[in-house]
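Coordinates as given in run.cif (mmCIF, C-alpha atoms):
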data_upload
loop_
_atom_site.label_atom_id
_atom_site.label_comp_id
_atom_site.auth_asym_id
_atom_site.auth_seq_id
_atom_site.Cartn_x
_atom_site.Cartn_y
_atom_site.Cartn_z
CA SER A 17 72.44 22.87 4.77
CA LEU A 18 76.14 22.11 5.08
CA ALA A 19 76.40 21.38 1.36
CA LEU A 20 74.56 24.60 0.54
CA ALA A 21 76.84 26.58 2.86
CA ASP A 22 79.87 25.04 1.14
CA ALA A 23 78.45 25.94 -2.29
CA VAL A 24 77.79 29.55 -1.24
CA ASN A 25 81.21 29.92 0.39
CA GLY A 26 82.87 28.39 -2.68
CA ALA A 27 81.05 30.79 -4.98
CA LEU A 28 81.87 33.78 -2.75
CA ALA A 29 85.54 32.81 -2.84
CA GLN A 30 85.34 33.38 -6.61
CA ALA A 31 83.49 36.71 -6.32
CA PRO A 32 85.15 39.66 -7.99
CA THR A 33 86.78 42.22 -5.72
CA LEU A 34 84.58 45.30 -5.66
CA ARG A 35 86.30 48.65 -6.18
CA THR A 36 83.32 50.44 -4.65
CA SER A 37 84.00 51.67 -1.14
CA PHE A 38 81.19 50.96 1.35
CA PRO A 39 80.68 52.63 4.72
CA GLN A 40 82.12 50.62 7.61
CA SER A 41 78.72 50.41 9.28
CA SER A 42 76.37 47.51 9.92
CA LEU A 43 74.25 48.50 6.91
CA GLY A 44 77.31 49.02 4.71
CA ARG A 45 78.66 45.57 5.62
CA GLN A 46 75.28 43.94 4.96
CA LEU A 47 75.06 45.56 1.53
CA VAL A 48 78.61 44.48 0.63
CA ALA A 49 77.53 40.90 1.39
CA VAL A 50 74.43 41.32 -0.80
CA ALA A 51 76.49 42.77 -3.67
CA ARG A 52 78.89 39.84 -3.45
CA MET A 53 75.99 37.34 -3.48
CA ILE A 54 74.51 39.04 -6.52
CA ALA A 55 77.92 38.95 -8.21
CA VAL A 56 78.02 35.14 -7.92
CA ARG A 57 74.38 34.50 -8.82
CA ASP A 58 75.31 32.58 -11.99
CA ARG A 59 77.67 30.26 -10.08
CA LEU A 60 74.80 29.51 -7.71
CA ALA A 61 72.26 29.13 -10.57
CA MET A 62 70.13 31.92 -9.11
CA GLN A 63 67.69 33.72 -11.37
CA ARG A 64 65.86 35.78 -8.75
CA GLN A 65 67.24 36.69 -5.40
CA VAL A 66 65.63 38.53 -2.51
CA PHE A 67 67.77 39.90 0.29
CA PHE A 68 66.77 41.51 3.55
CA VAL A 69 69.02 43.94 5.38
CA ALA A 70 68.09 45.87 8.50
CA LEU A 71 69.07 49.00 10.35
CA GLY A 72 67.72 49.78 13.78
CA GLY A 73 68.16 52.73 16.09
CA PHE A 74 65.38 54.96 14.80
CA ASP A 75 63.43 54.90 18.08
CA THR A 76 65.11 58.17 19.01
CA HIS A 77 62.37 59.91 21.04
CA ASP A 78 63.91 63.20 22.21
CA ASN A 79 67.30 62.57 20.57
CA GLN A 80 66.14 62.97 16.96
CA ASN A 81 68.18 66.09 16.26
CA THR A 82 71.28 64.32 17.55
CA LEU A 83 70.86 60.77 16.22
CA GLN A 84 68.83 60.94 13.01
CA PRO A 85 71.37 62.86 10.90
CA GLY A 86 73.88 60.02 11.41
CA LEU A 87 71.29 57.29 10.85
CA LEU A 88 69.92 58.86 7.68
CA GLY A 89 73.45 59.69 6.49
CA ASP A 90 74.37 56.01 6.86
CA VAL A 91 71.28 54.97 4.88
CA SER A 92 72.16 57.46 2.15
CA ASN A 93 75.85 56.55 1.95
CA SER A 94 75.22 52.79 2.13
CA LEU A 95 72.52 52.81 -0.55
CA ALA A 96 74.66 55.03 -2.79
CA ALA A 97 77.60 52.62 -2.43
CA PHE A 98 75.35 49.64 -3.15
CA GLN A 99 73.99 51.30 -6.30
CA ALA A 100 77.57 52.12 -7.38
CA SER A 101 78.56 48.48 -6.85
CA LEU A 102 75.65 47.36 -9.04
CA THR A 103 76.85 49.73 -11.76
CA GLU A 104 80.36 48.33 -11.33
CA LEU A 105 78.96 44.80 -11.77
CA GLY A 106 76.99 45.88 -14.86
CA ILE A 107 73.60 44.98 -13.39
CA ALA A 108 72.23 48.32 -12.14
CA ASP A 109 69.14 48.01 -14.36
CA SER A 110 68.34 44.52 -13.02
CA VAL A 111 68.20 45.23 -9.28
CA VAL A 112 65.67 47.17 -7.26
CA MET A 113 66.14 48.08 -3.63
CA PHE A 114 63.52 49.56 -1.38
CA THR A 115 62.97 50.59 2.18
CA GLN A 116 60.03 49.33 4.20
CA SER A 117 58.81 50.49 7.58
CA ASP A 118 55.49 51.19 9.20
CA PHE A 119 57.25 53.10 11.94
CA GLY A 120 56.83 56.84 12.18
CA ARG A 121 57.00 59.55 14.82
CA THR A 122 54.34 61.88 16.20
CA LEU A 123 54.43 65.63 15.74
CA THR A 124 53.94 66.15 19.47
CA SER A 125 55.96 65.14 22.50
CA ASN A 126 54.88 62.59 25.06
CA GLY A 127 57.24 64.11 27.61
CA ASP A 128 60.14 62.01 26.33
CA GLY A 129 60.26 63.33 22.79
CA THR A 130 58.10 62.13 19.96
CA ASP A 131 56.13 58.93 20.32
CA HIS A 132 55.45 56.02 17.95
CA ALA A 133 53.17 56.83 15.03
CA TRP A 134 52.29 55.61 11.54
CA GLY A 135 53.57 56.31 8.09
CA GLY A 136 56.78 57.67 6.76
CA ASN A 137 58.59 58.11 3.51
CA GLN A 138 59.99 55.09 1.70
CA LEU A 139 62.54 54.81 -1.09
CA VAL A 140 62.56 52.69 -4.25
CA ILE A 141 65.94 52.77 -5.99
CA GLY A 142 67.36 51.10 -9.06
CA GLY A 143 68.55 51.73 -12.59
CA ALA A 144 65.21 50.66 -14.08
CA VAL A 145 63.10 52.66 -11.60
CA ALA A 146 61.26 55.65 -13.04
CA GLY A 147 62.28 57.86 -10.16
CA ARG A 148 61.83 61.38 -8.91
CA THR A 149 58.16 60.73 -8.27
CA ILE A 150 56.24 60.93 -5.03
CA TYR A 151 53.33 58.52 -4.69
CA GLY A 152 50.59 59.35 -2.30
CA ARG A 153 49.92 62.73 -0.84
CA TYR A 154 52.34 64.41 1.51
CA PRO A 155 50.38 65.30 4.64
CA LEU A 156 49.81 68.78 5.94
CA LEU A 157 52.11 68.62 8.96
CA SER A 158 49.72 70.39 11.27
CA ILE A 159 48.58 69.35 14.72
CA ASP A 160 44.81 68.85 14.53
CA GLY A 161 45.10 69.10 10.72
CA PRO A 162 43.12 66.86 8.36
CA GLU A 163 45.49 63.86 8.62
CA ASP A 164 46.11 64.15 12.40
CA VAL A 165 44.08 61.55 14.28
CA GLY A 166 45.23 62.81 17.66
CA GLY A 167 48.51 63.32 19.44
CA GLY A 168 50.22 64.40 16.22
CA ARG A 169 49.75 60.96 14.65
CA MET A 170 49.45 61.38 10.91
CA ILE A 171 47.53 58.90 8.74
CA PRO A 172 49.46 58.19 5.52
CA SER A 173 47.65 58.34 2.19
CA VAL A 174 49.37 55.11 1.06
CA SER A 175 49.79 52.32 3.59
CA CYS A 176 52.93 50.21 3.90
CA ASP A 177 50.73 47.22 2.88
CA GLN A 178 49.74 48.91 -0.40
CA TYR A 179 53.37 49.76 -1.06
CA ALA A 180 54.48 46.17 -0.37
CA ALA A 181 51.69 44.76 -2.56
CA THR A 182 52.77 47.00 -5.46
CA LEU A 183 56.37 45.79 -5.14
CA ALA A 184 55.23 42.18 -4.87
CA ALA A 185 53.14 42.56 -8.04
CA TRP A 186 56.15 44.02 -9.85
CA PHE A 187 58.14 41.00 -8.68
CA GLY A 188 55.53 38.74 -10.28
CA TRP A 189 53.53 37.63 -7.29
CA GLN A 190 49.78 37.58 -7.70
CA LEU A 191 47.85 38.58 -4.64
CA GLU A 192 44.27 37.50 -4.17
CA ILE A 193 42.02 39.15 -1.65
CA ASP A 194 38.94 37.28 -0.50
#

Represent the supplied structure as structure tokens.
Amino acid sequence: SLALADAVNGALAQAPTLRTSFPQSSLGRQLVAVARMIAVRDRLAMQRQVFFVALGGFDTHDNQNTLQPGLLGDVSNSLAAFQASLTELGIADSVVMFTQSDFGRTLTSNGDGTDHAWGGNQLVIGGAVAGRTIYGRYPLLSIDGPEDVGGGRMIPSVSCDQYAATLAAWFGWQLEID
């Protein structure tokens, strides 16, 4: 592991300086690190790389109107900067980024704001992505509506597992279900 750390650090020391400006947030810093690792993929003899970045803080309960604009703004600004860095590196058509969460919020309050629920919207972004398409069916946001299984919990038409399996298949993994 020490030799591998030395190899990665040596390669990163040779990484080009990115002109793209990233947000000075946890997510922005994580995506700068990913962009730099992608930039030195040839030095590390990497053909396929998978990176995981995370952003917490979405368990906002009754503070959604206050906290979510900043959280979602950070996601938007950080992903836009990352995509711009990929364009700068000339590899925008070779990288796909996506969000993944099974965490949603209810339409009703539990006395402390909205409670934990299922579903949510996810993003798939990249130069080779045929975008501007919604997969699944957007639910009728109605308490006691057809997708509400009680307490304002909406059942998504596409599960996070189906979404992940589709991305895994695109990546070349073959999934077998017994």

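Counting from CA of Trp134 in chain A, the distance to CA of Ser175 in chain A is 9.0 Å.
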
Which one of A:Arg57, A:Arg52, A:Arg148, A:Arg45 sits closest to Ala70 in chain A if you count all atoms listed in the file?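 The closest residue to Ala70 in chain A is A:Arg45.
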
Hey, what comes out of the PyMOL selection byres ((chain A and resi 36-40) around 8) on this file? Could you write it as a CSV table (one decimal) with C-alpha atoms, in the frame of the given file?
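Wrote it out as expr.csv, contents follow:
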chain,number,residue,atom,x,y,z
A,34,LEU,CA,84.6,45.3,-5.7
A,35,ARG,CA,86.3,48.6,-6.2
A,41,SER,CA,78.7,50.4,9.3
A,42,SER,CA,76.4,47.5,9.9
A,43,LEU,CA,74.2,48.5,6.9
A,44,GLY,CA,77.3,49.0,4.7
A,45,ARG,CA,78.7,45.6,5.6
A,48,VAL,CA,78.6,44.5,0.6
A,90,ASP,CA,74.4,56.0,6.9
A,93,ASN,CA,75.8,56.6,2.0
A,94,SER,CA,75.2,52.8,2.1
A,97,ALA,CA,77.6,52.6,-2.4
A,98,PHE,CA,75.4,49.6,-3.2
A,100,ALA,CA,77.6,52.1,-7.4
A,101,SER,CA,78.6,48.5,-6.8
A,104,GLU,CA,80.4,48.3,-11.3

Could you tell me how far CA of Met62 in chain A lies from CA of Val145 in chain A, in Å and to one decimal?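 Separating CA of Met62 in chain A from CA of Val145 in chain A is a distance of 22.0 Å.
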
Find the distance between CA of Asp177 in chain A and CA of Gly135 in chain A and write it in Å to one decimal.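 Between these atoms lies a distance of 10.9 Å.
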
Could you check which of A:Ile54, A:Gln138, A:Ser92, A:Ala133 is closest to Val165 in chain A, using only C-alpha atoms?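 Looking at the shortest contact to Val165 in chain A, the residue is A:Ala133.
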
Option closest in space to Gly188 in chain A, from A:His132, A:Arg169, A:His77, A:Arg64 [counting only C-alpha atoms]: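 Result for the nearest residue to Gly188 in chain A: A:Arg64.
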
Range 149-163 of chain A, all listed atoms, 8 Å padding on each side: what axis-aligned box centre and edge lengths in Å to one decimal come out, as JSON?
{"center_x": 50.6, "center_y": 64.5, "center_z": 3.2, "size_x": 31.0, "size_y": 27.9, "size_z": 39.0}

List the neighbours of range 115-125 of chain A out to 12 Å using all atoms listed in the file; skip same-chain residues closer than 3 positions along the sequence, and give me the result as a VMD selection string. chain A and resid 67 to 80 91 to 92 95 112 128 to 141 155 to 161 163 to 172 174 to 181 183

C-alpha atoms of the current selection, written as a compact mmCIF listing (two decimals), in the frame of the given file:
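Written file, part-v9.txt:
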# COMPACT_ATOMS: atom_id res chain seq x y z
CA PHE A 67 67.77 39.90 0.29
CA PHE A 68 66.77 41.51 3.55
CA VAL A 69 69.02 43.94 5.38
CA ALA A 70 68.09 45.87 8.50
CA LEU A 71 69.07 49.00 10.35
CA GLY A 72 67.72 49.78 13.78
CA GLY A 73 68.16 52.73 16.09
CA PHE A 74 65.38 54.96 14.80
CA ASP A 75 63.43 54.90 18.08
CA THR A 76 65.11 58.17 19.01
CA HIS A 77 62.37 59.91 21.04
CA ASP A 78 63.91 63.20 22.21
CA ASN A 79 67.30 62.57 20.57
CA GLN A 80 66.14 62.97 16.96
CA VAL A 91 71.28 54.97 4.88
CA SER A 92 72.16 57.46 2.15
CA LEU A 95 72.52 52.81 -0.55
CA VAL A 112 65.67 47.17 -7.26
CA ASP A 128 60.14 62.01 26.33
CA GLY A 129 60.26 63.33 22.79
CA THR A 130 58.10 62.13 19.96
CA ASP A 131 56.13 58.93 20.32
CA HIS A 132 55.45 56.02 17.95
CA ALA A 133 53.17 56.83 15.03
CA TRP A 134 52.29 55.61 11.54
CA GLY A 135 53.57 56.31 8.09
CA GLY A 136 56.78 57.67 6.76
CA ASN A 137 58.59 58.11 3.51
CA GLN A 138 59.99 55.09 1.70
CA LEU A 139 62.54 54.81 -1.09
CA VAL A 140 62.56 52.69 -4.25
CA ILE A 141 65.94 52.77 -5.99
CA PRO A 155 50.38 65.30 4.64
CA LEU A 156 49.81 68.78 5.94
CA LEU A 157 52.11 68.62 8.96
CA SER A 158 49.72 70.39 11.27
CA ILE A 159 48.58 69.35 14.72
CA ASP A 160 44.81 68.85 14.53
CA GLY A 161 45.10 69.10 10.72
CA GLU A 163 45.49 63.86 8.62
CA ASP A 164 46.11 64.15 12.40
CA VAL A 165 44.08 61.55 14.28
CA GLY A 166 45.23 62.81 17.66
CA GLY A 167 48.51 63.32 19.44
CA GLY A 168 50.22 64.40 16.22
CA ARG A 169 49.75 60.96 14.65
CA MET A 170 49.45 61.38 10.91
CA ILE A 171 47.53 58.90 8.74
CA PRO A 172 49.46 58.19 5.52
CA VAL A 174 49.37 55.11 1.06
CA SER A 175 49.79 52.32 3.59
CA CYS A 176 52.93 50.21 3.90
CA ASP A 177 50.73 47.22 2.88
CA GLN A 178 49.74 48.91 -0.40
CA TYR A 179 53.37 49.76 -1.06
CA ALA A 180 54.48 46.17 -0.37
CA ALA A 181 51.69 44.76 -2.56
CA LEU A 183 56.37 45.79 -5.14

So which one's closest to Gln65 in chain A, A:Thr149, A:Thr182, A:Gln190, A:Ser110? Using only C-alpha atoms, please.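 Residue with the minimum atom-to-atom distance to Gln65 in chain A: A:Ser110.
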
I need the output of the PyMOL selection byres ((chain A and resi 152) around 6) for this file as a PyMOL selection string; which residues are they? chain A and resi 151+153+173-174

Per-residue nearest contacts range 27-135 of chain A to range 19-23 of chain A, cut-off 10 Å, using only C-alpha atoms, as a Markdown table:
| residue | atom | partner | partner_atom | distance |
| --- | --- | --- | --- | --- |
| A:Ala27 | CA | A:Ala23 | CA | 6.1 |
| A:Leu28 | CA | A:Ala23 | CA | 8.6 |
| A:Ala29 | CA | A:Ala23 | CA | 9.9 |
| A:Arg59 | CA | A:Ala23 | CA | 8.9 |
| A:Leu60 | CA | A:Ala23 | CA | 7.4 |

Complete range 64-95 of chain A with N, CA and C atoms (output as an mmCIF file, in the coordinates of the input).
data_model
loop_
_atom_site.group_PDB
_atom_site.id
_atom_site.type_symbol
_atom_site.label_atom_id
_atom_site.label_comp_id
_atom_site.auth_asym_id
_atom_site.auth_seq_id
_atom_site.Cartn_x
_atom_site.Cartn_y
_atom_site.Cartn_z
ATOM 1 N N ARG A 64 66.436 34.692 -9.536
ATOM 2 C CA ARG A 64 65.860 35.780 -8.750
ATOM 3 C C ARG A 64 66.332 35.619 -7.319
ATOM 4 N N GLN A 65 66.777 36.713 -6.778
ATOM 5 C CA GLN A 65 67.240 36.690 -5.400
ATOM 6 C C GLN A 65 66.531 37.801 -4.635
ATOM 7 N N VAL A 66 66.208 37.531 -3.397
ATOM 8 C CA VAL A 66 65.630 38.530 -2.510
ATOM 9 C C VAL A 66 66.490 38.556 -1.260
ATOM 10 N N PHE A 67 66.932 39.735 -0.886
ATOM 11 C CA PHE A 67 67.770 39.900 0.290
ATOM 12 C C PHE A 67 67.103 40.873 1.244
ATOM 13 N N PHE A 68 67.296 40.647 2.508
ATOM 14 C CA PHE A 68 66.770 41.510 3.550
ATOM 15 C C PHE A 68 67.937 42.024 4.372
ATOM 16 N N VAL A 69 68.040 43.333 4.488
ATOM 17 C CA VAL A 69 69.020 43.940 5.380
ATOM 18 C C VAL A 69 68.237 44.831 6.349
ATOM 19 N N ALA A 70 68.818 45.104 7.489
ATOM 20 C CA ALA A 70 68.090 45.870 8.500
ATOM 21 C C ALA A 70 68.998 46.884 9.171
ATOM 22 N N LEU A 71 68.392 47.967 9.583
ATOM 23 C CA LEU A 71 69.070 49.000 10.350
ATOM 24 C C LEU A 71 68.122 49.464 11.436
ATOM 25 N N GLY A 72 68.528 49.330 12.654
ATOM 26 C CA GLY A 72 67.720 49.780 13.780
ATOM 27 C C GLY A 72 68.219 51.117 14.294
ATOM 28 N N GLY A 73 67.688 51.508 15.438
ATOM 29 C CA GLY A 73 68.160 52.730 16.090
ATOM 30 C C GLY A 73 67.327 53.959 15.835
ATOM 31 N N PHE A 74 66.198 53.796 15.131
ATOM 32 C CA PHE A 74 65.380 54.960 14.800
ATOM 33 C C PHE A 74 64.374 55.321 15.894
ATOM 34 N N ASP A 75 64.332 54.587 16.974
ATOM 35 C CA ASP A 75 63.430 54.900 18.080
ATOM 36 C C ASP A 75 64.110 55.938 18.965
ATOM 37 N N THR A 76 64.256 57.137 18.433
ATOM 38 C CA THR A 76 65.110 58.170 19.010
ATOM 39 C C THR A 76 64.427 59.095 20.011
ATOM 40 N N HIS A 77 63.125 59.062 20.110
ATOM 41 C CA HIS A 77 62.370 59.910 21.040
ATOM 42 C C HIS A 77 62.894 61.340 21.038
ATOM 43 N N ASP A 78 63.500 61.800 22.150
ATOM 44 C CA ASP A 78 63.910 63.200 22.210
ATOM 45 C C ASP A 78 65.337 63.431 21.713
ATOM 46 N N ASN A 79 65.945 62.437 21.101
ATOM 47 C CA ASN A 79 67.300 62.570 20.570
ATOM 48 C C ASN A 79 67.325 62.631 19.042
ATOM 49 N N GLN A 80 66.196 62.963 18.426
ATOM 50 C CA GLN A 80 66.140 62.970 16.960
ATOM 51 C C GLN A 80 67.144 63.915 16.341
ATOM 52 N N ASN A 81 67.255 65.116 16.867
ATOM 53 C CA ASN A 81 68.180 66.090 16.260
ATOM 54 C C ASN A 81 69.624 65.630 16.370
ATOM 55 N N THR A 82 69.923 64.816 17.357
ATOM 56 C CA THR A 82 71.280 64.320 17.550
ATOM 57 C C THR A 82 71.563 63.054 16.750
ATOM 58 N N LEU A 83 70.604 62.101 16.775
ATOM 59 C CA LEU A 83 70.860 60.770 16.220
ATOM 60 C C LEU A 83 70.435 60.595 14.761
ATOM 61 N N GLN A 84 69.334 61.215 14.366
ATOM 62 C CA GLN A 84 68.830 60.940 13.010
ATOM 63 C C GLN A 84 69.739 61.402 11.886
ATOM 64 N N PRO A 85 70.458 62.523 12.002
ATOM 65 C CA PRO A 85 71.370 62.860 10.900
ATOM 66 C C PRO A 85 72.375 61.748 10.599
ATOM 67 N N GLY A 86 72.933 61.122 11.628
ATOM 68 C CA GLY A 86 73.880 60.020 11.410
ATOM 69 C C GLY A 86 73.211 58.788 10.835
ATOM 70 N N LEU A 87 72.028 58.453 11.360
ATOM 71 C CA LEU A 87 71.290 57.290 10.850
ATOM 72 C C LEU A 87 70.924 57.469 9.386
ATOM 73 N N LEU A 88 70.336 58.609 9.066
ATOM 74 C CA LEU A 88 69.920 58.860 7.680
ATOM 75 C C LEU A 88 71.116 59.037 6.760
ATOM 76 N N GLY A 89 72.211 59.589 7.279
ATOM 77 C CA GLY A 89 73.450 59.690 6.490
ATOM 78 C C GLY A 89 73.991 58.314 6.150
ATOM 79 N N ASP A 90 73.920 57.381 7.110
ATOM 80 C CA ASP A 90 74.370 56.010 6.860
ATOM 81 C C ASP A 90 73.491 55.346 5.805
ATOM 82 N N VAL A 91 72.181 55.528 5.901
ATOM 83 C CA VAL A 91 71.280 54.970 4.880
ATOM 84 C C VAL A 91 71.658 55.518 3.507
ATOM 85 N N SER A 92 71.825 56.832 3.423
ATOM 86 C CA SER A 92 72.160 57.460 2.150
ATOM 87 C C SER A 92 73.488 56.954 1.593
ATOM 88 N N ASN A 93 74.521 56.965 2.414
ATOM 89 C CA ASN A 93 75.850 56.550 1.950
ATOM 90 C C ASN A 93 75.896 55.064 1.602
ATOM 91 N N SER A 94 75.214 54.243 2.388
ATOM 92 C CA SER A 94 75.220 52.790 2.130
ATOM 93 C C SER A 94 74.456 52.456 0.855
ATOM 94 N N LEU A 95 73.284 53.070 0.663
ATOM 95 C CA LEU A 95 72.520 52.810 -0.550
ATOM 96 C C LEU A 95 73.240 53.339 -1.791
#
